[in-house]
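The file work.txt contains compact mmCIF, C-alpha atoms and all ligand atoms:
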```txt
# COMPACT_ATOMS: atom_id res chain seq x y z
CA MET A 212 -11.43 -16.72 -12.22
CA ALA A 213 -11.00 -13.67 -10.00
CA LEU A 214 -7.62 -12.01 -10.00
CA TYR A 215 -7.06 -8.97 -7.83
CA ALA A 216 -5.33 -5.62 -7.79
CA GLU A 217 -3.59 -4.39 -4.64
CA LEU A 218 -3.05 -0.63 -4.60
CA HIS A 219 -1.76 0.01 -1.09
CA ARG A 220 0.97 -2.22 0.27
CA HIS A 221 4.14 -1.14 2.04
CA LEU A 222 7.33 -2.97 1.24
CA GLY A 223 8.38 -2.78 4.90
CA GLY A 224 5.12 -4.12 6.28
CA SER A 225 4.73 -6.77 3.62
CA VAL A 226 7.20 -9.24 5.07
CA VAL A 227 5.18 -12.00 6.75
CA PRO A 228 6.41 -12.86 10.26
CA ARG A 229 7.62 -16.36 9.33
CA VAL A 230 9.81 -15.06 6.50
CA LEU A 231 11.25 -12.35 8.73
CA TRP A 232 11.94 -14.83 11.53
CA ARG A 233 13.75 -17.20 9.12
CA TYR A 234 15.79 -14.29 7.84
CA PHE A 235 16.81 -13.24 11.37
CA GLU A 236 17.64 -16.83 12.27
CA ARG A 237 19.98 -17.10 9.30
CA HIS A 238 21.52 -13.65 9.24
CA ALA A 239 20.87 -11.53 12.34
CA LYS A 240 20.29 -13.73 15.35
CA ASP A 241 20.97 -10.86 17.76
CA LEU A 242 17.79 -9.10 16.63
CA ILE A 243 15.60 -11.98 17.86
CA SER A 244 17.61 -13.11 20.89
CA ARG A 245 14.90 -11.83 23.25
CA PHE A 246 12.33 -14.21 21.77
CA ALA A 247 12.65 -17.82 22.94
CA GLU A 248 10.52 -19.27 20.14
CA TYR A 249 8.80 -18.18 16.94
CA PRO A 250 5.27 -17.80 18.41
CA GLU A 251 6.51 -15.12 20.82
CA PHE A 252 8.04 -13.23 17.91
CA GLU A 253 4.86 -13.53 15.86
CA GLU A 254 2.81 -12.28 18.79
CA PHE A 255 5.09 -9.28 19.23
CA TYR A 256 5.21 -8.50 15.52
CA THR A 257 1.51 -8.73 14.75
CA ARG A 258 -0.19 -7.52 17.94
CA PRO A 259 -2.31 -4.38 17.81
CA ARG A 260 -0.65 -1.09 18.82
CA ASN A 261 -2.26 1.80 20.65
CA THR A 262 -1.42 4.53 18.17
CA LEU A 263 -0.32 5.01 14.59
CA ASP A 264 3.09 6.21 15.84
CA GLU A 265 3.69 3.05 17.86
CA TYR A 266 2.58 0.95 14.91
CA LEU A 267 4.95 2.75 12.53
CA GLU A 268 7.86 2.04 14.88
CA LEU A 269 7.69 -1.57 13.70
CA HIS A 270 8.53 -0.50 10.18
CA THR A 271 11.96 0.58 11.32
CA LEU A 272 12.69 -3.00 12.41
CA VAL A 273 12.08 -4.27 8.88
CA GLU A 274 13.60 -1.27 7.13
CA SER A 275 16.86 -1.92 8.97
CA VAL A 276 17.23 -5.29 7.25
CA GLN A 277 15.93 -4.27 3.82
CA THR A 278 19.13 -3.24 2.11
CA VAL A 279 20.55 -3.40 -1.40
CA GLU A 280 21.75 -6.92 -0.63
CA THR A 281 18.60 -8.32 0.98
CA LEU A 282 15.81 -6.66 -1.00
CA PRO A 283 15.73 -9.37 -3.71
CA TYR A 284 15.34 -12.01 -0.97
CA PHE A 285 12.32 -10.29 0.58
CA ILE A 286 10.70 -9.24 -2.69
CA TYR A 287 10.95 -12.75 -4.13
CA ARG A 288 9.05 -14.12 -1.14
CA LEU A 289 6.55 -11.30 -1.25
CA LEU A 290 5.67 -11.91 -4.91
CA ARG A 291 5.62 -15.67 -4.48
CA GLY A 292 3.07 -15.34 -1.66
CA ALA A 293 1.05 -12.73 -3.52
CA TYR A 294 0.80 -14.92 -6.61
CA ILE A 295 0.16 -18.25 -4.92
CA PHE A 296 -2.05 -17.22 -1.99
CA GLU A 297 -3.60 -13.91 -2.99
CA ASN A 298 -4.32 -14.24 -6.72
CA LEU A 299 -2.81 -10.84 -7.39
CA ALA A 300 -2.55 -9.81 -11.01
CA TYR A 301 -1.44 -6.30 -10.11
CA LEU A 302 0.54 -4.89 -7.22
CA GLU A 303 1.71 -1.39 -6.38
CA LEU A 304 4.44 -1.60 -3.81
CA ARG A 305 5.28 1.51 -1.82
CA TYR A 306 8.23 2.51 0.34
CA THR A 307 10.60 5.33 1.15
CA PRO A 308 13.79 4.61 -0.82
CA TYR A 309 15.88 6.88 1.40
CA LEU A 310 15.22 4.60 4.38
CA ARG A 311 16.80 1.65 2.54
CA THR A 312 20.13 3.44 2.06
CA PRO A 313 23.02 2.99 4.52
CA GLU A 314 22.54 5.16 7.61
CA HIS A 315 26.22 5.96 8.02
CA LEU A 316 26.36 7.92 4.76
CA ASP A 317 25.64 11.64 4.65
CA GLN A 318 22.38 12.96 3.23
CA GLY A 319 23.76 13.70 -0.23
CA ALA A 320 25.28 10.24 -0.59
CA ARG A 321 22.08 8.60 0.63
CA ILE A 322 20.06 10.57 -1.94
CA ASP A 323 22.43 9.36 -4.66
CA LYS A 324 22.00 5.77 -3.50
CA MET A 325 18.22 5.87 -3.86
CA THR A 326 18.42 5.24 -7.62
CA GLU A 327 20.04 1.90 -6.98
CA ILE A 328 17.27 0.91 -4.55
CA VAL A 329 14.52 1.69 -7.10
CA ASP A 330 16.41 -0.29 -9.69
CA ILE A 331 16.81 -3.32 -7.43
CA VAL A 332 13.18 -3.28 -6.32
CA GLY A 333 12.13 -2.97 -9.99
CA LYS A 334 14.34 -5.80 -11.22
CA SER A 335 13.51 -8.08 -8.26
CA SER A 336 9.80 -7.58 -8.85
CA HIS A 337 10.03 -9.08 -12.30
CA LEU A 338 9.73 -12.84 -11.78
CA PRO A 339 8.66 -14.90 -14.80
CA GLU A 340 7.48 -17.72 -12.52
CA TYR A 341 5.16 -15.36 -10.61
CA PRO A 342 3.84 -13.04 -13.29
CA ILE A 343 2.24 -10.11 -11.51
CA VAL A 344 2.17 -6.63 -13.04
CA THR A 345 4.02 -4.53 -10.47
CA SER A 346 4.93 -0.91 -10.04
CA GLN A 347 6.42 1.22 -7.31
CA ILE A 348 5.04 4.15 -5.38
CA LEU A 349 7.76 6.22 -3.74
CA CYS A 350 6.79 7.58 -0.34
CA MET A 351 7.87 10.98 0.80
CA HIS A 352 8.11 10.88 4.58
CA SER A 353 6.72 13.30 7.13
CA ARG A 354 9.94 13.15 9.20
CA LEU A 355 12.40 13.63 6.33
CA PRO A 356 13.68 17.06 5.23
CA TYR A 357 12.37 18.87 2.17
CA GLU A 358 15.51 18.17 0.08
CA VAL A 359 15.11 14.43 0.52
CA ASN A 360 11.40 14.50 -0.30
CA LYS A 361 12.05 16.61 -3.38
CA ALA A 362 14.73 14.14 -4.47
CA ILE A 363 12.13 11.38 -4.09
CA VAL A 364 9.82 13.20 -6.52
CA ASP A 365 12.72 13.65 -8.95
CA LEU A 366 13.55 9.98 -8.62
CA ALA A 367 9.98 9.06 -9.53
CA ALA A 368 10.23 11.26 -12.62
CA GLN A 369 13.52 9.68 -13.67
CA ASN A 370 12.36 6.08 -13.27
CA ARG A 371 9.00 5.87 -14.99
CA GLU A 372 9.65 2.30 -16.07
CA TYR A 373 9.49 1.19 -12.44
CA VAL A 374 7.69 3.99 -10.60
CA CYS A 375 4.07 5.02 -11.11
CA ALA A 376 3.40 7.56 -8.35
CA ILE A 377 4.40 9.32 -5.15
CA ASP A 378 2.85 9.21 -1.71
CA VAL A 379 3.39 10.84 1.67
CA ALA A 380 3.62 8.62 4.74
CA GLY A 381 5.28 8.46 8.13
CA GLY A 382 2.51 9.65 10.44
CA ASP A 383 -0.22 12.09 9.41
CA ARG A 384 -0.09 14.26 12.55
CA TYR A 385 3.26 15.73 11.40
CA TYR A 386 2.02 17.26 8.14
CA ALA A 387 0.48 20.37 9.67
CA GLU A 388 3.64 22.29 10.52
CA ARG A 389 5.02 21.91 6.96
CA MET A 390 1.84 22.11 4.93
CA GLU A 391 3.30 24.63 2.46
CA GLU A 392 6.08 22.17 1.70
CA TRP A 393 3.72 19.28 1.02
CA ILE A 394 1.63 21.40 -1.30
CA SER A 395 4.66 22.58 -3.20
CA LEU A 396 5.98 19.00 -3.47
CA TYR A 397 2.67 17.77 -4.82
CA ASN A 398 2.53 20.69 -7.23
CA TYR A 399 6.03 19.81 -8.34
CA ALA A 400 4.98 16.18 -8.89
CA HIS A 401 2.01 17.26 -11.00
CA SER A 402 4.24 19.53 -13.06
CA LEU A 403 6.34 16.45 -13.88
CA ASP A 404 3.21 14.45 -14.70
CA ILE A 405 3.67 12.06 -11.80
CA LYS A 406 0.60 10.40 -10.32
CA THR A 407 -0.22 11.03 -6.67
CA THR A 408 -1.64 9.44 -3.59
CA GLY A 409 -1.10 10.33 0.06
CA HIS A 410 -1.82 9.04 3.55
CA LEU A 411 -4.61 11.40 4.54
CA TYR A 412 -7.72 11.31 6.73
CA GLU A 413 -6.43 8.02 8.14
CA THR A 414 -6.68 9.09 11.78
CA THR A 415 -8.42 12.05 13.36
CA ASP A 416 -5.00 13.78 13.43
CA GLY A 417 -4.65 13.58 9.66
CA CYS A 418 -7.58 15.62 8.37
CA TYR A 419 -6.21 18.36 6.09
CA PRO A 420 -8.77 19.50 3.52
CA VAL A 421 -6.21 21.84 1.97
CA LEU A 422 -4.10 18.88 0.78
CA LEU A 423 -6.98 16.83 -0.61
CA PRO A 424 -7.24 18.37 -4.10
CA TYR A 425 -3.63 17.42 -4.86
CA LEU A 426 -4.23 13.68 -4.55
CA MET A 427 -5.51 11.39 -7.31
CA ARG A 428 -6.17 8.68 -4.74
CA ILE A 429 -6.45 8.97 -0.97
CA GLY A 430 -4.46 6.63 1.25
CA HIS A 431 -7.15 5.48 3.71
CA GLY A 432 -9.33 8.60 3.80
CA ILE A 433 -11.80 6.87 6.13
CA GLN A 434 -12.25 9.96 8.32
CA ILE A 435 -13.87 11.74 5.36
CA PRO A 436 -17.03 9.61 5.36
CA LEU A 437 -16.87 9.15 9.14
CA LEU A 438 -16.35 12.75 10.26
CA TYR A 439 -16.62 15.01 7.22
CA PRO A 440 -19.22 13.44 4.89
CA GLU A 441 -19.89 16.87 3.45
CA LEU A 442 -16.54 16.56 1.62
CA LEU A 443 -17.60 13.40 -0.25
CA LYS A 444 -19.31 15.32 -3.02
CA ASP A 445 -16.02 16.99 -3.99
CA VAL A 446 -14.10 13.73 -3.63
CA ALA A 447 -16.56 12.09 -6.04
CA GLN A 448 -16.34 15.00 -8.44
CA ARG A 449 -12.56 14.82 -8.52
CA GLY A 450 -12.79 11.07 -9.19
CA GLN A 451 -10.63 10.28 -6.17
CA CYS A 452 -10.58 6.72 -4.91
CA LEU A 453 -10.18 5.80 -1.24
CA GLU A 454 -7.60 3.10 -0.48
CA VAL A 455 -9.30 1.45 2.49
CA CYS A 456 -7.23 -1.03 4.49
CA PRO A 457 -9.64 -2.63 7.00
CA THR A 458 -7.21 -4.43 9.34
CA THR A 459 -4.97 -1.39 9.76
CA TYR A 460 -7.50 0.62 11.74
CA LEU A 461 -7.77 -2.09 14.37
CA LYS A 462 -3.99 -2.49 14.59
CA THR A 463 -3.41 1.25 15.02
CA GLY A 464 -6.23 1.86 17.49
CA THR A 465 -8.00 4.13 14.96
CA LEU A 466 -11.18 2.02 15.14
CA GLN A 467 -12.31 -0.31 17.90
CA ASP A 468 -14.53 -2.54 15.81
CA ILE A 469 -14.30 -3.43 12.13
CA ARG A 470 -18.07 -2.91 11.84
CA GLN A 471 -17.44 0.82 12.15
CA LEU A 472 -16.35 0.57 8.51
CA LYS A 473 -19.93 -0.02 7.40
CA LEU A 474 -20.59 3.70 7.59
CA VAL A 475 -17.47 4.35 5.48
CA PHE A 476 -18.64 2.05 2.69
CA ASP A 477 -22.31 3.10 2.88
CA ARG A 478 -21.57 6.80 2.66
CA CYS A 479 -19.02 6.35 -0.14
CA PHE A 480 -21.35 4.20 -2.24
CA GLU A 481 -24.11 6.71 -1.71
CA ALA A 482 -21.91 9.62 -2.76
CA GLY A 483 -20.42 7.76 -5.73
CA VAL A 484 -16.91 7.63 -4.26
CA ASP A 485 -14.86 4.60 -5.32
CA ILE A 486 -13.13 2.41 -2.76
CA ALA A 487 -10.26 0.01 -3.40
CA ILE A 488 -9.85 -2.52 -0.59
CA CYS A 489 -6.19 -2.98 0.31
CA THR A 490 -3.97 -4.60 2.95
CA ASP A 491 -1.47 -1.79 3.77
CA ASN A 492 0.89 -4.03 5.76
CA ALA A 493 -0.11 -7.58 4.94
CA GLY A 494 2.90 -9.09 6.72
CA LEU A 495 2.57 -7.11 9.92
CA HIS A 496 -1.11 -8.00 10.00
CA ASN A 497 -0.58 -11.63 9.06
CA MET A 498 -3.30 -10.92 6.53
CA ARG A 499 -3.92 -11.55 2.87
CA LEU A 500 -6.10 -9.56 0.48
CA PRO A 501 -8.75 -12.29 -0.11
CA PHE A 502 -9.26 -12.52 3.67
CA GLU A 503 -9.83 -8.78 3.87
CA TYR A 504 -12.57 -9.23 1.27
CA GLU A 505 -14.06 -12.19 3.12
CA ASN A 506 -14.03 -10.39 6.47
CA LEU A 507 -15.99 -7.47 5.09
CA LEU A 508 -18.62 -9.90 3.80
CA THR A 509 -18.69 -11.90 7.04
CA TYR A 510 -19.33 -8.80 9.13
CA ASP A 511 -22.02 -7.60 6.71
CA ILE A 512 -20.10 -4.44 6.03
CA ILE A 513 -20.56 -4.90 2.28
CA ASN A 514 -22.38 -7.37 0.05
CA PHE A 515 -21.01 -9.35 -2.90
CA ALA A 516 -22.06 -6.78 -5.49
CA GLN A 517 -20.34 -4.04 -3.52
CA LEU A 518 -17.23 -6.19 -3.14
CA GLN A 519 -17.07 -6.65 -6.88
CA ALA A 520 -17.55 -2.93 -7.38
CA CYS A 521 -14.55 -2.31 -5.12
CA GLN A 522 -12.48 -4.93 -6.96
CA ASP A 523 -13.35 -3.25 -10.26
CA ALA A 524 -12.48 0.13 -8.81
CA ALA A 525 -9.04 -1.14 -7.83
CA PHE A 526 -8.20 -1.92 -11.46
CA ARG A 527 -9.78 1.29 -12.70
CA HIS A 528 -7.72 3.43 -10.32
CA ALA A 529 -4.52 1.41 -10.68
CA PHE A 530 -1.77 3.79 -11.78
CA ALA A 531 0.05 1.29 -13.98
CA TRP A 532 -2.39 -1.45 -15.02
CA PRO A 533 -1.71 -1.61 -18.74
CA TYR A 534 -5.12 -2.92 -19.89
CA THR A 535 -8.53 -1.37 -20.15
CA GLN A 536 -10.25 -4.39 -18.61
CA ARG A 537 -9.95 -6.45 -15.47
CA PRO A 538 -8.09 -9.74 -15.93
CA ALA A 539 -11.37 -11.65 -15.48
CA SER A 540 -12.65 -10.33 -18.81
CA LEU A 541 -9.34 -11.15 -20.46
CA LEU A 542 -9.34 -14.67 -19.02
CA ASN A 543 -12.97 -15.32 -19.86
CA GLY A 544 -12.08 -14.87 -23.49
CA LEU A 545 -9.42 -17.54 -23.11
CA LEU A 546 -11.41 -19.96 -20.98
CA LYS A 547 -14.86 -19.66 -22.43
CA PRO A 548 -14.32 -21.49 -25.75
CA GLU A 549 -13.20 -24.46 -23.66
CA ALA A 550 -16.26 -24.17 -21.44
CA ASP A 551 -18.51 -24.15 -24.54
CA LYS A 552 -16.82 -27.27 -25.83
CA MET A 553 -17.33 -28.99 -22.50
CA LEU A 554 -21.04 -28.20 -22.58
CA ALA A 555 -21.35 -29.66 -26.04
CA MET A 556 -19.81 -32.95 -24.94
ZN ZN B 1 -0.14 2.89 4.32
```

Let me see the file written as structure tokens.
Amino acid sequence: MALYAELHRHLGGSVVPRVLWRYFERHAKDLISRFAEYPEFEEFYTRPRNTLDEYLELHTLVESVQTVETLPYFIYRLLRGAYIFENLAYLELRYTPYLRTPEHLDQGARIDKMTEIVDIVGKSSHLPEYPIVTSQILCMHSRLPYEVNKAIVDLAAQNREYVCAIDVAGGDRYYAERMEEWISLYNYAHSLDIKTTGHLYETTDGCYPVLLPYLMRIGHGIQIPLLYPELLKDVAQRGQCLEVCPTTYLKTGTLQDIRQLKLVFDRCFEAGVDIAICTDNAGLHNMRLPFEYENLLTYDIINFAQLQACQDAAFRHAFAWPYTQRPASLLNGLLKPEADKMLAM
């Protein structure tokens, strides 16, 4: 039985349109008054955007309803779907805790409130009926001030039970003007022994070689094999894994055709760079991880052996998977004696 690891999923983008619609219908009708029926809303919510910036705008819609009170509601549905429909054994969920705190509070009070958010996400993610190993990645944000981002690193250090790593998100074109800050924040994270990933080389605006060495995994990174294949040798040497999220690039206008990803996979396999296939914003995309896998096979971007290599890589590069093996090997041990018995009958 194949069980999967998902390394790159945003809490904001993980709410499937139907769940969000039901929530609005019950609690915030004004937010959907401009849509006559559900299909119009789904069309609006999931349609491709022209740029990464436009695409990220949608996150604010969901962030506005993900509060201390509602997070358990959304996370319950997220884990239920992930367990039932996606066969996930492991899930790293990422988000910017600051953006789930009440907007009317001042910065200091919002920073203080972040602890509560991490706690609620952690507790809500533990559901005995849907047993998935989960952990959180806290995202620093390219539009938030240094003090807030530093507090996010501190928060990760103080909540190791629930948090496995930090990330930077919010639009990669904005990193350039504060590059010194990002480097010092990543250095700070390493000094606290916190694991690291970061949205980098996602679009052509986000190519910053100077930041690369600070990341243990690379959020997207597809522009490395596409535009700067000469960097792959170093990426392989550092043991960095690319978190490739196929549907995203079509939704953000980064790629025009999914088949453009063939070059990404081919060059990475050739250079010995691991890839974990991920969904990024499964809800926004109306997508589930097994369909991402299937799509890549259907379009001949990868073959079955390569798919399995990527699935293995996901567990190997998982920041908080507590076992040395994939769940398949663990399950085989459990299931095989039965299979032997059946053969003997
Ligand atoms: Zn992402």

### Query
ligand ZN 1 (chain B): which residues are within 7 Å, counting only C-alpha atoms and all ligand atoms, as a ChimeraX atom specification?
/A:219-221,380,410,430,491

Grab the residues selected above and save them as a PDB file, in the frame of the given file with C-alpha atoms.
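Dumped everything to out23.pdb:
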```
ATOM      1  CA  HIS A 219      -1.760   0.010  -1.090  1.00  0.00           C
ATOM      2  CA  ARG A 220       0.970  -2.220   0.270  1.00  0.00           C
ATOM      3  CA  HIS A 221       4.140  -1.140   2.040  1.00  0.00           C
ATOM      4  CA  ALA A 380       3.620   8.620   4.740  1.00  0.00           C
ATOM      5  CA  HIS A 410      -1.820   9.040   3.550  1.00  0.00           C
ATOM      6  CA  GLY A 430      -4.460   6.630   1.250  1.00  0.00           C
ATOM      7  CA  ASP A 491      -1.470  -1.790   3.770  1.00  0.00           C
TER       8      ASP A 491
END
```

### Summary
Min atom-atom distance to Ala213 (chain A) from the set A:Glu481, A:Gln347, A:Asn298, A:Pro342, counting all atoms listed in the file, belongs to A:Asn298

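Take CA of Thr262 (chain A) and CA of Gly381 (chain A): the distance between them is 12.7 Å.
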
### Task
Tell me, in Å to one decimal, how far CA of Arg384 (chain A) is from CA of Ile486 (chain A).
23.3 Å

### Task
Using only C-alpha atoms, pick whichever of A:Leu472, A:Ser225, A:His528, A:Val364 has the shortest atom-to-atom distance to Ile429 (chain A).
A:His528

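For the pair CA of Ile469 (chain A) and CA of Leu507 (chain A), the interatomic distance is 8.3 Å.
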
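Comparing the minimum interatomic distances between Asn506 (chain A) and each of A:Pro538, A:Pro457, A:Pro228, A:Gly333, counting only C-alpha atoms, we find that A:Pro457 sits nearest.
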
### Message
When you look at region 320-327 of chain A with a cut-off of 6 Å (counting only C-alpha atoms), what residues show up, excluding the ones that are within fewer than 4 positions of it in the same chain? I need them as number ranges by chain.
### Response
A: 308-309, 312, 316

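Considering the residues A:Arg311, A:Arg354, A:Lys334, A:Arg233 and counting all atoms listed in the file, Val276 (chain A) has its shortest atom-to-atom contact with A:Arg311.
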
### Message
Nearest residue to Gly292 (chain A) out of A:Leu545, A:Ile405, A:Ile343, A:Ile513, using only C-alpha atoms?
### Response
A:Ile343
